[in-house]
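Colleague: Contents of coords24.txt (compact mmCIF, C-alpha atoms) are given next:
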```
# COMPACT_ATOMS: atom_id res chain seq x y z
CA MET V 1 23.68 68.84 326.30
CA THR V 2 25.54 71.95 325.14
CA THR V 3 24.23 73.63 322.00
CA ALA V 4 26.15 76.07 319.83
CA VAL V 5 25.44 77.99 316.65
CA GLU V 6 27.88 77.75 313.78
CA ALA V 7 27.94 79.69 310.53
CA ASP V 8 27.26 77.64 307.41
CA PRO V 9 29.11 79.07 304.39
CA ALA V 10 26.23 77.92 302.15
CA GLY V 11 23.37 79.23 304.24
CA PRO V 12 22.09 80.61 307.55
CA PRO V 13 23.57 79.63 310.92
CA HIS V 14 22.52 76.23 312.27
CA LYS V 15 22.65 74.55 315.65
CA VAL V 16 25.33 71.97 316.43
CA ARG V 17 24.70 69.66 319.39
CA TYR V 18 27.82 68.78 321.33
CA ARG V 19 28.17 65.51 323.23
CA ARG V 20 28.82 65.50 326.96
CA ARG V 21 32.15 64.26 328.26
CA ARG V 22 32.16 61.28 330.58
CA GLU V 23 34.16 61.19 333.82
CA LEU V 24 37.46 60.18 332.18
CA GLY V 25 36.98 62.93 329.60
CA GLU V 26 36.40 65.52 332.31
CA HIS V 27 39.64 64.44 334.01
CA VAL V 28 41.63 64.65 330.77
CA ALA V 29 40.06 68.00 329.84
CA ARG V 30 41.09 69.48 333.19
CA THR V 31 44.62 68.11 332.81
CA VAL V 32 45.03 69.41 329.27
CA GLY V 33 43.38 72.71 330.12
CA ARG V 34 45.84 73.40 332.93
CA LEU V 35 48.81 72.41 330.78
CA GLN V 36 47.56 74.59 327.92
CA ALA V 37 47.09 77.61 330.21
CA ARG V 38 50.60 77.30 331.60
CA ALA V 39 52.24 76.74 328.21
CA LEU V 40 50.39 79.64 326.57
CA SER V 41 50.56 82.18 329.39
CA THR V 42 52.03 85.58 328.62
CA VAL V 43 55.29 84.25 329.98
CA PRO V 44 55.18 80.52 329.12
CA GLN V 45 56.19 78.30 332.02
CA PRO V 46 59.33 76.35 331.07
CA GLU V 47 58.18 73.15 332.77
CA ALA V 48 54.95 73.12 330.77
CA VAL V 49 56.78 73.72 327.48
CA SER V 50 59.21 70.94 328.35
CA ALA V 51 56.33 68.61 329.25
CA LEU V 52 54.73 69.17 325.85
CA ALA V 53 57.96 68.11 324.16
CA ARG V 54 58.26 64.99 326.31
CA LEU V 55 54.62 64.11 325.75
CA ARG V 56 55.06 64.31 321.98
CA ARG V 57 57.71 61.61 322.25
CA GLY V 58 55.10 59.40 323.89
CA ILE V 59 52.72 59.17 320.93
CA GLY V 60 52.04 55.52 320.20
CA ARG V 61 53.89 54.34 323.30
CA THR V 62 52.68 52.56 326.42
CA PRO V 63 51.63 54.65 329.45
CA GLY V 64 54.37 54.85 332.07
CA PHE V 65 57.30 55.19 329.67
CA ASP V 66 58.39 58.45 331.33
CA PHE V 67 58.01 58.76 335.10
CA THR V 68 58.30 62.56 334.93
CA LEU V 69 54.95 62.79 333.10
CA GLU V 70 52.88 61.34 335.93
CA ARG V 71 50.91 64.53 336.57
CA TYR V 72 49.75 64.62 332.94
CA VAL V 73 48.92 61.00 332.13
CA GLN V 74 48.02 59.42 335.47
CA VAL V 75 44.41 58.22 335.72
CA PRO V 76 42.66 58.30 339.14
CA GLU V 77 42.16 54.91 340.73
CA HIS V 78 38.37 54.99 340.43
CA LEU V 79 38.59 55.62 336.67
CA LEU V 80 41.05 52.84 335.81
CA GLY V 81 38.38 50.30 334.98
CA ARG V 82 38.93 46.57 334.69
CA ARG V 83 42.58 45.57 334.89
CA PRO V 84 44.22 42.71 332.95
CA ALA V 85 44.67 39.52 334.97
CA ASP V 86 48.46 39.89 335.16
CA ASP V 87 48.27 43.69 335.58
CA THR V 88 51.15 44.22 333.15
CA GLU V 89 49.15 45.99 330.45
CA PRO V 90 47.44 49.39 330.68
CA THR V 91 43.71 49.54 331.11
CA ASP V 92 41.59 51.06 328.35
CA ALA V 93 41.26 54.23 330.42
CA GLU V 94 45.02 54.55 330.95
CA GLN V 95 45.83 54.05 327.27
CA ALA V 96 43.06 56.39 326.10
CA ALA V 97 44.13 59.18 328.47
CA HIS V 98 47.78 58.74 327.47
CA ASP V 99 46.97 58.86 323.76
CA ALA V 100 44.67 61.88 324.09
CA VAL V 101 47.21 63.93 326.06
CA THR V 102 50.14 63.03 323.79
CA LEU V 103 48.11 63.85 320.69
CA TYR V 104 47.23 67.20 322.26
CA ALA V 105 50.95 67.87 322.73
CA LEU V 106 51.44 67.23 319.01
CA HIS V 107 48.51 69.52 318.16
CA GLN V 108 49.83 72.36 320.33
CA GLN V 109 53.38 72.21 318.93
CA SER V 110 54.57 75.63 317.70
CA ARG V 111 51.07 77.11 318.08
CA ARG V 112 50.06 80.04 320.26
CA GLU V 113 46.36 79.40 319.65
CA ARG V 114 44.53 77.08 322.04
CA MET V 115 44.30 73.67 320.37
CA HIS V 116 42.10 72.18 323.10
CA ALA V 117 38.59 73.64 323.07
CA ASP V 118 35.52 72.40 324.92
CA GLY V 119 32.83 70.86 322.74
CA ARG V 120 34.86 70.42 319.56
CA GLY V 121 34.30 66.78 318.64
CA LEU V 122 36.63 65.21 316.11
CA GLY V 123 33.96 65.13 313.40
CA HIS V 124 33.23 68.85 313.85
CA ALA V 125 36.95 69.64 313.60
CA MET V 126 37.32 67.56 310.44
CA ALA V 127 34.43 69.39 308.79
CA ASP V 128 36.21 72.68 309.55
CA LEU V 129 39.39 71.24 308.04
CA ILE V 130 37.56 70.31 304.84
CA ARG V 131 36.30 73.88 304.52
CA ARG V 132 39.74 75.42 305.03
CA SER V 133 41.96 72.95 303.20
CA ALA V 134 43.30 73.54 299.72
CA GLY V 135 43.18 69.76 299.21
CA PRO V 136 39.86 68.59 300.70
CA ASP V 137 39.87 65.30 298.83
CA GLY V 138 43.05 64.26 300.60
CA VAL V 139 41.52 65.16 303.95
CA ARG V 140 38.43 63.11 303.15
CA ARG V 141 40.55 60.08 302.24
CA ARG V 142 42.48 60.27 305.51
CA PHE V 143 39.32 60.70 307.56
CA ALA V 144 37.71 57.79 305.69
CA ALA V 145 40.74 55.64 306.56
CA LEU V 146 40.19 56.44 310.24
CA GLY V 147 36.53 55.50 309.85
CA THR V 148 37.41 52.05 308.51
CA ALA V 149 40.45 51.31 310.72
CA SER V 150 40.14 47.79 312.10
CA THR V 151 42.57 48.04 315.02
CA TYR V 152 43.28 50.57 317.74
CA PRO V 153 46.95 51.12 316.71
CA GLU V 154 45.79 51.75 313.14
CA SER V 155 43.32 54.36 314.43
CA ILE V 156 46.06 56.15 316.38
CA TYR V 157 48.27 56.13 313.26
CA HIS V 158 45.56 57.89 311.22
CA LEU V 159 44.69 60.25 314.08
CA ARG V 160 48.29 61.40 314.32
CA SER V 161 48.23 62.39 310.65
CA LEU V 162 44.89 64.18 310.98
CA ILE V 163 45.94 66.05 314.12
CA THR V 164 48.99 67.34 312.27
CA MET V 165 46.69 68.71 309.56
CA LEU V 166 44.39 70.31 312.13
CA ARG V 167 47.42 71.98 313.72
CA GLU V 168 48.44 73.49 310.39
CA HIS V 169 45.03 75.16 310.11
CA GLN V 170 44.71 76.10 313.82
CA ILE V 171 41.57 74.00 314.31
CA PRO V 172 41.04 72.85 317.93
CA VAL V 173 39.65 69.60 319.33
CA ASP V 174 38.10 68.72 322.69
CA TYR V 175 40.73 66.34 324.06
CA GLY V 176 38.55 65.25 326.95
CA LEU V 177 35.91 64.11 324.50
CA LEU V 178 38.59 62.44 322.41
CA ALA V 179 39.80 60.52 325.48
CA ASP V 180 36.28 59.21 326.02
CA ASP V 181 36.08 58.19 322.37
CA LEU V 182 39.44 56.44 322.48
CA GLN V 183 38.46 54.49 325.58
CA THR V 184 35.44 53.13 323.72
CA LEU V 185 37.44 52.64 320.53
CA ARG V 186 39.70 50.18 322.35
CA GLN V 187 36.76 47.79 322.63
CA PRO V 188 36.56 45.99 319.25
CA ASP V 189 32.82 45.38 319.48
CA ARG V 190 32.16 49.08 320.12
CA ARG V 191 34.68 50.53 317.67
CA PRO V 192 32.11 50.94 314.84
CA LYS V 193 29.90 53.00 317.18
CA ILE V 194 32.57 55.63 317.74
CA GLN V 195 33.54 55.69 314.07
CA ALA V 196 29.88 56.27 313.20
CA ILE V 197 29.57 59.07 315.77
CA TRP V 198 32.58 60.83 314.25
CA GLY V 199 30.95 60.47 310.83
CA ARG V 200 27.66 61.96 311.98
CA GLU V 201 29.42 64.88 313.65
CA PHE V 202 31.20 65.45 310.35
CA PHE V 203 28.05 65.30 308.20
CA ARG V 204 25.99 67.44 310.57
CA SER V 205 28.66 70.15 310.53
CA ARG V 206 28.03 70.50 306.80
CA PRO V 207 31.51 70.17 305.30
CA SER V 208 31.88 71.73 301.87
CA THR V 209 30.71 69.63 298.95
CA ASP V 210 32.98 68.53 296.13
CA ALA V 211 31.48 71.31 294.03
CA ASP V 212 32.42 73.86 296.69
CA ALA V 213 35.97 72.57 297.15
CA PRO V 214 38.97 74.30 295.55
CA ASN V 215 40.18 72.86 292.25
CA THR V 216 43.65 72.24 293.65
CA ASP V 217 43.59 69.14 294.49
CA ASN V 218 28.32 58.52 312.57
CA SER V 219 23.64 59.98 316.75
CA GLU V 220 25.69 62.18 318.92
CA GLU V 221 24.55 60.42 322.07
CA ASP V 222 27.00 59.39 324.77
CA PRO V 223 28.35 55.96 323.76
CA SER V 224 28.59 54.73 327.37
```
Please re-express this file's structure in structure tokens.

Modeller:
Amino acid sequence: MTTAVEADPAGPPHKVRYRRRRELGEHVARTVGRLQARALSTVPQPEAVSALARLRRGIGRTPGFDFTLERYVQVPEHLLGRRPADDTEPTDAEQAAHDAVTLYALHQQSRRERMHADGRGLGHAMADLIRRSAGPDGVRRRFAALGTASTYPESIYHLRSLITMLREHQIPVDYGLLADDLQTLRQPDRRPKIQAIWGREFFRSRPSTDADAPNTDNSEEDPS
């Protein structure tokens, strides 16, 4: 387990425990990391920049919609998991990897900062967003909507909105870890577990209280 120390604006530094990525998450993190390095190099590689644009068009779509994106969204055979009987629908791993990589492409849009960062769980990132936002109540409402979403498509809808807000404040996320979370989130009976993990990450990162906010207006163990 990786441990980091973060500064608390209301007190001394405290330790934040980061969850480990599973095998799918490691694969997605490597894929995103390579794409990020090529897109943000001193002289950005045109193919990587073009891939980010094409990936953004894939948000909410089914894996395989664009054959040219194979290198970014393909999942190794041994990670595919159980396939549907008729093999016409993506597996949970395929859909989770696709959604994580396309959301990263949205997050990286027009940014020169690295929007994929190891160890930054979604709950940690949302706590940072609360601290930096001029409208923390609105952020809390959107995050709460994600925490009560009852379907996977609804979760992706709320995530897209939250990722856009994180991009505006240059707050990164670990997209390998997000891929692992999304794979679990696709299983209805396990969805509340992931939503609770996000909530606990958020609370343990000590987001600002309502009293601290500007006037303008769920354990972190591996879920496998």

Colleague: Which region 101-166 of chain V residues have any atom within 12 Å of an atom of region 69-72 of chain V, and for each, what is the nearest pair of atoms with distance in Å to one decimal, counting only C-alpha atoms, rows sorted by chain and number, as a Markdown table?

Modeller:
```
| residue | atom | partner | partner_atom | distance |
| --- | --- | --- | --- | --- |
| V:Val101 | CA | V:Tyr72 | CA | 7.4 |
| V:Thr102 | CA | V:Tyr72 | CA | 9.3 |
| V:Tyr104 | CA | V:Tyr72 | CA | 11.3 |
| V:Ala105 | CA | V:Tyr72 | CA | 10.8 |
```

Colleague: Using only C-alpha atoms, which protein or nucleic acid residues come within 6 Å of region 160-177 of chain V? Drop anything in the same chain fewer than 5 positions from it, and give the result as a list of chain:residue names.

Modeller: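 Listing them by chain and then by number gives V:Arg21, V:Gly25, V:Glu26, V:Val28, V:Ala29, V:Ala100, V:His107, V:Met115, V:His116, V:Ala117, V:Asp118, V:Gly119, V:Arg120, V:Gly121.
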
Colleague: Give me the residues within 9 Å of region 37-46 of chain V as a list in words, counting only C-alpha atoms and dropping any in the same chain fewer than 6 places off.

Modeller: Leu52, Arg111, Arg112, Glu113 and Arg114 of chain V

Colleague: Please, what is the axis-aligned box for every listed atom of region 25-28 of chain V with 3 Å on each side, as centre and edge lengths in Å to one decimal, as AutoDock Vina command-line options?

Modeller:
```
--center_x 39.0 --center_y 64.2 --center_z 331.8 --size_x 11.2 --size_y 8.6 --size_z 10.4
```

Colleague: So the first atom is CA of Asp181 (chain V) and the second is CA of Gly135 (chain V); what is the distance between them in Å, to one decimal place?

Modeller: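 Separation between CA of Asp181 (chain V) and CA of Gly135 (chain V): 26.8 Å.
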
Colleague: Under the rule that all atoms listed in the file are counted, which of V:Val73, V:Val32, V:Leu106, V:Ala127 is the nearest residue to Trp198 (chain V)?

Modeller: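 Residue with the minimum atom-to-atom distance to Trp198 (chain V): V:Ala127.
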
Colleague: Of the candidates V:Gly81, V:Gly147, V:Pro207, V:Pro188, which shows the shortest atom-to-atom distance to Met126 (chain V), using only C-alpha atoms?

Modeller: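 Selected residue with least distance to Met126 (chain V): V:Pro207.
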
Colleague: Leaving out Asp92 (chain V) and any residue of its chain fewer than 5 positions from it, which residues lie within 12 Å of it when counting all atoms listed in the file, given as a list in words?

Modeller: Leu24, Thr62, Pro63, Val75, Leu79, Leu80, Gly81, Arg82, Arg83, Pro84, Ala97, His98, Asp99, Tyr152, Ala179, Asp180, Asp181, Leu182, Gln183, Thr184, Leu185, Arg186, Gln187 and Pro188 of chain V

Colleague: One number please: CA of Ala53 (chain V) to CA of Leu178 (chain V), in Å, one decimal.

Modeller: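 Spanning CA of Ala53 (chain V) to CA of Leu178 (chain V) is a straight-line distance of 20.3 Å.
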
Colleague: Hey, can you check how far CA of Gly33 (chain V) sits from CA of Ile194 (chain V)?

Modeller: 23.7 Å

Colleague: With distances taken over all atoms listed in the file, which residue among V:Arg140, V:Arg54, V:Arg190, V:Arg34 lies nearest Gly123 (chain V)?

Modeller: V:Arg140
